[in-house]
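Everything on this sheet refers to the single structure shown next.
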Amino acid sequence: MKIDFNNTQNAFISKSDWDMTKAYVLFKTISSPTIVKAGNTMLSVALGVHFPINWAVKPTIYQHFVGGETISSCDAAIEKLGRYNVKSILDYSVEGKEDAEDIRLAFEETLRAIDNAGKNPNIPFAVFKPTAMGRSIVLEKASSGEEMSEQETKEKEQFLDRVHQLCKKAHEVDIPILIDAEHSWYQNIIDYATNTEMANFNKEKAIVFNTFQMYRHDRLAYLDKSYKMSQDGGYFLGAKFVRGAYMEIERERAEQKNYLDPIQPDKEATDKDYNAAIRYCLERIENIKLFNGTHNDESTQLMIDFMEENKLPTDHDHCWFSQLYGMSDNISFNVAKEGFNVAKYLPYGPVKHVMPYLLRRAEENTSAQGQSTRELDFIRQEKKRRKSN
Ligand SMILES: Cc1cc2nc3c(=O)[nH]c(=O)nc-3n(C[C@H](O)[C@H](O)[C@H](O)COP(=O)(O)OP(=O)(O)OC[C@H]3O[C@@H](n4cnc5c(N)ncnc54)[C@H](O)[C@@H]3O)c2cc1C
């Protein structure tokens, strides 16, 4: 079955004409790298001096990419997506907090989100960012094996315990939990924690998921290693795939600190490993629950073709497709319409705390990155189609 990723009628079925106009203005604005750069600087200054920004941000970029400030304020967005067989994954998108109190709050909020997922059939996964659960310096030192102070060692144990508590809660309410991947220099301790919790909680089914960033040239081999560990340990492998969001900073740091760049030499190499990883899991789908997190048509179609060739039911519980809220509805809605499992990451949180997330979305949607022209083309196409009807 070939998915028509250009079918904008399905893609934007949940959007009113007014929604389409707002989306058009937004993507047109952020398609300019100059505007995004200037906006980024202005927002950093505004946040620094506590200048109120809600009035400008909330009805525009925030509303497009974020579900609301709290779990319950996302209900309307979840319900709307659910009507079209598109599920939601509530993602508390408060990032880069280093204060003990903020970390405690993020942990408690994530527990609430897991609980909430357990009660709503439109929320099939929970998720968290590991750097929200511990100070980044502690994760970095724990990952590199650097010497740690007594206090840091205590914080590392606290981090591992928090990850354990979150996975335990997910297991209790029977909701799979995705552990996001961030910068490579935090990943060793995250891999350790994730593998430990998979061994604890994935015996009957996949509850805990690691994230494999396929822009790293070592991840295909690591996938094989993770699978072998799961087989030896008698548990299911939960595997979320993404290409990876931190390429520039990874390359810069590797150059500055003079170590081997962890990123693939070019996009083709990333694509090749990404697709190989998806195939690897599909060939072992009885033992691996696969989460294909991409806005790439080819990596989506590839999975659909494989499922069809191997006569896997479209709603096979081990096969999931996922995109971010506010992006690539042409994939989410067209794939969901054919009966496949689709879930969108739905970020939530207070405006000023989700700014780093929004700035990443704005940057990846400038014309410099290519994605915005695509979104913009689809919006234009749909506006035109509606006008001619
Ligand atoms: C549901 C979901 C969850 C996500 N969770 C995470 C997460 O936990 N961690 C995370 O890091 N990201 C995450 N992302 C973002 C993701 O990593 C990508 O940045 C984004 O999805 C773009 O990749 P793509 O597969 O959609 O599409 P494409 O547009 O085909 O690929 C773009 C990606 O290719 C890679 N790339 C581009 N140029 C080069 C080059 N010259 N050399 C090597 N590689 C290159 C980069 O990774 C770039 O982001 C998530 C995305 C989704 C949809």
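Just so we're on the same page: first chain in the structure tokens is A, next is B, and so on; residues restart at 1 for each chain, and ligands are numbered from 1 in the order they show up.
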
Please give me, as a tab-separated table (two decimals) with C-alpha atoms, in the first residue's frame, the residues lying within 6 Å of ligand 1 when counting only C-alpha atoms and all ligand atoms.
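Full text of selection_2.tsv as output:
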```tsv
chain	number	residue	atom	x	y	z
A	180	ASP	CA	14.34	10.34	25.06
A	181	ALA	CA	17.94	10.72	23.90
A	182	GLU	CA	19.77	14.03	24.02
A	215	TYR	CA	22.84	10.07	13.16
A	242	VAL	CA	15.04	9.06	15.62
A	243	ARG	CA	17.70	10.51	13.39
A	244	GLY	CA	18.85	12.97	16.09
A	245	ALA	CA	18.35	16.63	16.89
A	246	TYR	CA	21.71	17.92	18.11
A	264	GLN	CA	27.69	10.14	10.57
A	265	PRO	CA	29.73	11.73	7.77
A	266	ASP	CA	26.63	12.79	5.81
A	267	LYS	CA	22.84	12.62	5.61
A	270	THR	CA	22.28	8.62	8.61
A	293	GLY	CA	9.83	8.63	15.21
A	294	THR	CA	10.31	10.41	11.92
A	295	HIS	CA	9.04	13.06	9.52
A	296	ASN	CA	10.67	11.25	6.64
A	322	SER	CA	5.20	8.98	15.42
A	323	GLN	CA	5.56	12.65	14.52
A	324	LEU	CA	5.65	15.88	16.52
A	345	TYR	CA	4.37	13.89	20.69
```

Quiz item: In segment 101-321 of chain A, what's alpha helix (DSSP H) per DSSP? Answer as a PyMOL selection string?
Solution: chain A and resi 101-119+136-144+150-173+187-201+219-233+247-257+267-282+297-309

Quiz item: Could you pull the residues within 9 Å of segment 283-289 of chain A, counting only C-alpha atoms, minus those fewer than 6 positions along the same chain, as a list of chain:residue names?
Solution: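 What passes the distance filter is A:Lys205, A:Ala206, A:Phe209, A:Tyr227, A:Ser230, A:Gln231, A:Tyr235, A:Phe236, A:Leu237, A:Gly238, A:Ala239, A:Lys240, A:Phe306, A:Asp317, A:His318, A:Cys319, A:Trp320.
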
Once you count only C-alpha atoms, what closest atom pair and distance in Å to one decimal does each residue of segment 287-361 of chain A within 10 Å of segment 95-103 of chain A have, with rows by chain and rising residue number, as a tab-separated table?
```
residue	atom	partner	partner_atom	distance
A:His353	CA	A:Glu95	CA	7.0
A:Val354	CA	A:Glu95	CA	7.2
A:Met355	CA	A:Glu95	CA	8.8
A:Pro356	CA	A:Glu95	CA	7.0
A:Tyr357	CA	A:Glu95	CA	7.7
```

Residue subset to file, keeping N, CA and C atoms, as a JSON list (two decimals), in the first residue's frame:
```
[["chain", "number", "residue", "atom", "x", "y", "z"],
["A", 353, "HIS", "N", 8.89, 28.16, 29.97],
["A", 353, "HIS", "CA", 9.71, 26.95, 30.11],
["A", 353, "HIS", "C", 9.81, 26.13, 28.83],
["A", 354, "VAL", "N", 8.82, 26.26, 27.95],
["A", 354, "VAL", "CA", 8.90, 25.47, 26.71],
["A", 354, "VAL", "C", 9.62, 26.24, 25.59],
["A", 355, "MET", "N", 10.14, 27.44, 25.91],
["A", 355, "MET", "CA", 10.81, 28.23, 24.87],
["A", 355, "MET", "C", 11.97, 27.48, 24.19],
["A", 356, "PRO", "N", 12.85, 26.78, 24.93],
["A", 356, "PRO", "CA", 13.92, 26.07, 24.21],
["A", 356, "PRO", "C", 13.36, 25.09, 23.17],
["A", 357, "TYR", "N", 12.26, 24.41, 23.54],
["A", 357, "TYR", "CA", 11.64, 23.47, 22.59],
["A", 357, "TYR", "C", 11.12, 24.23, 21.37]]
```

Quiz item: Can you list every residue in segment 184-348 of chain A that DSSP puts in strand (DSSP E), as a count of residues only?
Solution: 31

Practice problem: Enter the distance from atom CA of Lys344 of chain A to atom CA of Val86 of chain A, in Å, rounded to one decimal. | Solution: 7.1 Å

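Nearest to Asp19 of chain A of all the residues A:Gln187, A:Thr60, A:Ser143, A:Ser388 is A:Thr60, counting only C-alpha atoms.
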
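In this model, the gap between atom CA of Val127 of chain A and atom CA of Val94 of chain A comes to 12.5 Å.
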
Would you mind listing what lies within 12 Å of Arg112 of chain A as a PDB file with N, CA and C atoms, in the first residue's frame, with only C-alpha atoms counted and same-chain residues fewer than 2 positions away left out?
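Output saved as out.pdb:
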```pdb
ATOM      1  N   THR A  70      -0.896  22.684  31.058  1.00  0.00           N
ATOM      2  CA  THR A  70      -1.004  21.579  32.018  1.00  0.00           C
ATOM      3  C   THR A  70      -1.556  20.340  31.299  1.00  0.00           C
ATOM      4  N   ILE A  71      -1.550  19.222  32.030  1.00  0.00           N
ATOM      5  CA  ILE A  71      -2.059  17.980  31.436  1.00  0.00           C
ATOM      6  C   ILE A  71      -3.512  18.162  30.991  1.00  0.00           C
ATOM      7  N   SER A  72      -4.339  18.715  31.878  1.00  0.00           N
ATOM      8  CA  SER A  72      -5.776  18.785  31.540  1.00  0.00           C
ATOM      9  C   SER A  72      -6.046  19.784  30.414  1.00  0.00           C
ATOM     10  N   LEU A  90       1.900  12.759  25.815  1.00  0.00           N
ATOM     11  CA  LEU A  90       2.097  14.035  26.524  1.00  0.00           C
ATOM     12  C   LEU A  90       3.541  14.174  26.977  1.00  0.00           C
ATOM     13  N   ASP A  91       4.163  15.234  26.495  1.00  0.00           N
ATOM     14  CA  ASP A  91       5.600  15.419  26.716  1.00  0.00           C
ATOM     15  C   ASP A  91       5.815  16.711  27.511  1.00  0.00           C
ATOM     16  N   TYR A  92       6.135  16.574  28.781  1.00  0.00           N
ATOM     17  CA  TYR A  92       6.368  17.761  29.624  1.00  0.00           C
ATOM     18  C   TYR A  92       7.692  18.389  29.171  1.00  0.00           C
ATOM     19  N   LEU A 105      10.242  18.816  40.779  1.00  0.00           N
ATOM     20  CA  LEU A 105       8.935  19.134  40.177  1.00  0.00           C
ATOM     21  C   LEU A 105       8.732  18.405  38.850  1.00  0.00           C
ATOM     22  N   ALA A 106       9.789  18.358  38.042  1.00  0.00           N
ATOM     23  CA  ALA A 106       9.691  17.662  36.742  1.00  0.00           C
ATOM     24  C   ALA A 106       9.413  16.174  36.961  1.00  0.00           C
ATOM     25  N   PHE A 107      10.068  15.602  37.952  1.00  0.00           N
ATOM     26  CA  PHE A 107       9.863  14.188  38.279  1.00  0.00           C
ATOM     27  C   PHE A 107       8.397  13.947  38.676  1.00  0.00           C
ATOM     28  N   GLU A 108       7.885  14.811  39.547  1.00  0.00           N
ATOM     29  CA  GLU A 108       6.503  14.625  40.002  1.00  0.00           C
ATOM     30  C   GLU A 108       5.497  14.856  38.877  1.00  0.00           C
ATOM     31  N   GLU A 109       5.791  15.817  38.033  1.00  0.00           N
ATOM     32  CA  GLU A 109       4.908  16.076  36.898  1.00  0.00           C
ATOM     33  C   GLU A 109       4.886  14.856  35.966  1.00  0.00           C
ATOM     34  N   THR A 110       6.054  14.259  35.767  1.00  0.00           N
ATOM     35  CA  THR A 110       6.121  13.086  34.876  1.00  0.00           C
ATOM     36  C   THR A 110       5.338  11.916  35.476  1.00  0.00           C
ATOM     37  N   ILE A 114       2.237  10.009  33.625  1.00  0.00           N
ATOM     38  CA  ILE A 114       2.160   8.541  33.433  1.00  0.00           C
ATOM     39  C   ILE A 114       0.808   8.032  33.945  1.00  0.00           C
ATOM     40  N   ASP A 115       0.445   8.506  35.121  1.00  0.00           N
ATOM     41  CA  ASP A 115      -0.850   8.135  35.711  1.00  0.00           C
ATOM     42  C   ASP A 115      -1.997   8.482  34.773  1.00  0.00           C
ATOM     43  N   ASN A 116      -1.920   9.700  34.252  1.00  0.00           N
ATOM     44  CA  ASN A 116      -2.965  10.195  33.349  1.00  0.00           C
ATOM     45  C   ASN A 116      -3.039   9.335  32.086  1.00  0.00           C
ATOM     46  N   ALA A 117      -1.882   8.939  31.554  1.00  0.00           N
ATOM     47  CA  ALA A 117      -1.854   8.100  30.347  1.00  0.00           C
ATOM     48  C   ALA A 117      -2.566   6.774  30.606  1.00  0.00           C
ATOM     49  N   GLY A 118      -2.374   6.253  31.812  1.00  0.00           N
ATOM     50  CA  GLY A 118      -2.984   4.972  32.179  1.00  0.00           C
ATOM     51  C   GLY A 118      -4.511   5.026  32.127  1.00  0.00           C
ATOM     52  N   LYS A 119      -5.065   6.242  32.177  1.00  0.00           N
ATOM     53  CA  LYS A 119      -6.535   6.371  32.232  1.00  0.00           C
ATOM     54  C   LYS A 119      -7.141   6.776  30.898  1.00  0.00           C
ATOM     55  N   ALA A 126       3.998   7.056  27.574  1.00  0.00           N
ATOM     56  CA  ALA A 126       4.484   8.190  28.365  1.00  0.00           C
ATOM     57  C   ALA A 126       5.913   8.467  27.894  1.00  0.00           C
ATOM     58  N   VAL A 127       6.455   9.604  28.284  1.00  0.00           N
ATOM     59  CA  VAL A 127       7.812   9.954  27.824  1.00  0.00           C
ATOM     60  C   VAL A 127       8.471  10.875  28.842  1.00  0.00           C
ATOM     61  N   PHE A 128       9.803  10.841  28.887  1.00  0.00           N
ATOM     62  CA  PHE A 128      10.501  11.888  29.633  1.00  0.00           C
ATOM     63  C   PHE A 128      11.900  12.100  29.079  1.00  0.00           C
ATOM     64  N   LEU A 166       9.997   6.081  37.758  1.00  0.00           N
ATOM     65  CA  LEU A 166       9.138   6.401  36.601  1.00  0.00           C
ATOM     66  C   LEU A 166       8.776   5.126  35.839  1.00  0.00           C
ATOM     67  N   LYS A 169       6.297   3.038  37.846  1.00  0.00           N
ATOM     68  CA  LYS A 169       4.941   3.593  37.728  1.00  0.00           C
ATOM     69  C   LYS A 169       4.330   3.210  36.356  1.00  0.00           C
ATOM     70  N   ALA A 170       5.140   3.324  35.295  1.00  0.00           N
ATOM     71  CA  ALA A 170       4.657   2.978  33.955  1.00  0.00           C
ATOM     72  C   ALA A 170       4.231   1.509  33.910  1.00  0.00           C
ATOM     73  N   VAL A 173       0.854   1.058  35.759  1.00  0.00           N
ATOM     74  CA  VAL A 173      -0.363   1.485  35.042  1.00  0.00           C
ATOM     75  C   VAL A 173      -0.410   0.928  33.616  1.00  0.00           C
TER      76      VAL A 173
END
```

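From atom CA of Val335 of chain A back to atom CA of Leu358 of chain A, the distance works out to 25.6 Å.
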
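Around Asn40 of chain A, within 12 Å and counting only C-alpha atoms, the residues found are Ile30, Pro33, Thr34, Ile35, Val36, Lys37, Ala38, Met42, Leu43, Ser44, Val45, Ala46, Leu47, Val57, Met355, Pro356, Tyr357, Leu358, Leu359, Arg360, Arg361, Ala362 and Glu363 of chain A, once anything fewer than 2 positions away on its own chain is removed.
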
Those same residues, written as a PDB file, in the first residue's frame with N, CA and C atoms?
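Listing of part.pdb after writing:
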```
ATOM      1  N   ILE A  30       8.482  31.886  10.087  1.00  0.00           N
ATOM      2  CA  ILE A  30       9.695  31.201  10.551  1.00  0.00           C
ATOM      3  C   ILE A  30      10.514  30.615   9.405  1.00  0.00           C
ATOM      4  N   PRO A  33      15.328  32.650   7.963  1.00  0.00           N
ATOM      5  CA  PRO A  33      16.375  32.478   8.977  1.00  0.00           C
ATOM      6  C   PRO A  33      16.671  33.783   9.707  1.00  0.00           C
ATOM      7  N   THR A  34      16.575  34.919   8.997  1.00  0.00           N
ATOM      8  CA  THR A  34      16.881  36.202   9.639  1.00  0.00           C
ATOM      9  C   THR A  34      15.864  36.496  10.736  1.00  0.00           C
ATOM     10  N   ILE A  35      14.584  36.263  10.417  1.00  0.00           N
ATOM     11  CA  ILE A  35      13.542  36.535  11.429  1.00  0.00           C
ATOM     12  C   ILE A  35      13.709  35.596  12.629  1.00  0.00           C
ATOM     13  N   VAL A  36      13.993  34.328  12.342  1.00  0.00           N
ATOM     14  CA  VAL A  36      14.140  33.368  13.446  1.00  0.00           C
ATOM     15  C   VAL A  36      15.318  33.764  14.332  1.00  0.00           C
ATOM     16  N   LYS A  37      16.413  34.181  13.694  1.00  0.00           N
ATOM     17  CA  LYS A  37      17.590  34.574  14.469  1.00  0.00           C
ATOM     18  C   LYS A  37      17.279  35.794  15.337  1.00  0.00           C
ATOM     19  N   ALA A  38      16.627  36.781  14.725  1.00  0.00           N
ATOM     20  CA  ALA A  38      16.291  38.008  15.459  1.00  0.00           C
ATOM     21  C   ALA A  38      15.299  37.679  16.581  1.00  0.00           C
ATOM     22  N   MET A  42      15.718  38.290  20.585  1.00  0.00           N
ATOM     23  CA  MET A  42      14.771  39.119  21.320  1.00  0.00           C
ATOM     24  C   MET A  42      14.130  38.334  22.468  1.00  0.00           C
ATOM     25  N   LEU A  43      13.788  37.085  22.190  1.00  0.00           N
ATOM     26  CA  LEU A  43      13.150  36.279  23.235  1.00  0.00           C
ATOM     27  C   LEU A  43      14.117  35.991  24.379  1.00  0.00           C
ATOM     28  N   SER A  44      15.384  35.719  24.047  1.00  0.00           N
ATOM     29  CA  SER A  44      16.373  35.459  25.103  1.00  0.00           C
ATOM     30  C   SER A  44      16.480  36.676  26.002  1.00  0.00           C
ATOM     31  N   VAL A  45      16.525  37.873  25.379  1.00  0.00           N
ATOM     32  CA  VAL A  45      16.624  39.102  26.165  1.00  0.00           C
ATOM     33  C   VAL A  45      15.361  39.271  27.013  1.00  0.00           C
ATOM     34  N   ALA A  46      14.191  39.098  26.384  1.00  0.00           N
ATOM     35  CA  ALA A  46      12.919  39.268  27.097  1.00  0.00           C
ATOM     36  C   ALA A  46      12.837  38.323  28.291  1.00  0.00           C
ATOM     37  N   LEU A  47      13.266  37.062  28.082  1.00  0.00           N
ATOM     38  CA  LEU A  47      13.209  36.097  29.181  1.00  0.00           C
ATOM     39  C   LEU A  47      14.182  36.486  30.284  1.00  0.00           C
ATOM     40  N   VAL A  57       3.682  35.026  22.213  1.00  0.00           N
ATOM     41  CA  VAL A  57       4.050  33.645  21.895  1.00  0.00           C
ATOM     42  C   VAL A  57       2.851  32.693  21.920  1.00  0.00           C
ATOM     43  N   MET A 355      10.137  27.437  25.912  1.00  0.00           N
ATOM     44  CA  MET A 355      10.813  28.230  24.875  1.00  0.00           C
ATOM     45  C   MET A 355      11.970  27.484  24.185  1.00  0.00           C
ATOM     46  N   PRO A 356      12.845  26.778  24.931  1.00  0.00           N
ATOM     47  CA  PRO A 356      13.923  26.070  24.206  1.00  0.00           C
ATOM     48  C   PRO A 356      13.359  25.095  23.169  1.00  0.00           C
ATOM     49  N   TYR A 357      12.263  24.407  23.538  1.00  0.00           N
ATOM     50  CA  TYR A 357      11.640  23.469  22.593  1.00  0.00           C
ATOM     51  C   TYR A 357      11.121  24.225  21.370  1.00  0.00           C
ATOM     52  N   LEU A 358      10.456  25.353  21.623  1.00  0.00           N
ATOM     53  CA  LEU A 358       9.882  26.119  20.505  1.00  0.00           C
ATOM     54  C   LEU A 358      10.977  26.693  19.614  1.00  0.00           C
ATOM     55  N   LEU A 359      12.053  27.127  20.212  1.00  0.00           N
ATOM     56  CA  LEU A 359      13.133  27.687  19.391  1.00  0.00           C
ATOM     57  C   LEU A 359      13.757  26.604  18.511  1.00  0.00           C
ATOM     58  N   ARG A 360      13.847  25.377  19.051  1.00  0.00           N
ATOM     59  CA  ARG A 360      14.362  24.265  18.213  1.00  0.00           C
ATOM     60  C   ARG A 360      13.427  24.026  17.035  1.00  0.00           C
ATOM     61  N   ARG A 361      12.106  24.067  17.303  1.00  0.00           N
ATOM     62  CA  ARG A 361      11.138  23.857  16.212  1.00  0.00           C
ATOM     63  C   ARG A 361      11.268  24.979  15.179  1.00  0.00           C
ATOM     64  N   ALA A 362      11.412  26.225  15.668  1.00  0.00           N
ATOM     65  CA  ALA A 362      11.526  27.355  14.739  1.00  0.00           C
ATOM     66  C   ALA A 362      12.779  27.198  13.896  1.00  0.00           C
ATOM     67  N   GLU A 363      13.884  26.835  14.551  1.00  0.00           N
ATOM     68  CA  GLU A 363      15.142  26.721  13.800  1.00  0.00           C
ATOM     69  C   GLU A 363      15.077  25.600  12.765  1.00  0.00           C
TER      70      GLU A 363
END
```

Practice problem: Go through A:His217, A:Lys168, A:Lys228, A:Arg251 and flag the residue nearest Asp271 of chain A, using only C-alpha atoms for the distances. | Solution: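 Between A:His217, A:Lys168, A:Lys228, A:Arg251, the residue approaching Asp271 of chain A most closely is A:His217.
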
Exercise. For segment 276-281 of chain A, list every protein, DNA or RNA residue within 8 Å, evaluated using only C-alpha atoms, and leave out those in the same chain fewer than 6 positions away; present the list as an MDAnalysis selection string.
Key: chainID A and resid 220 223 241 288:290 292 299 303 306
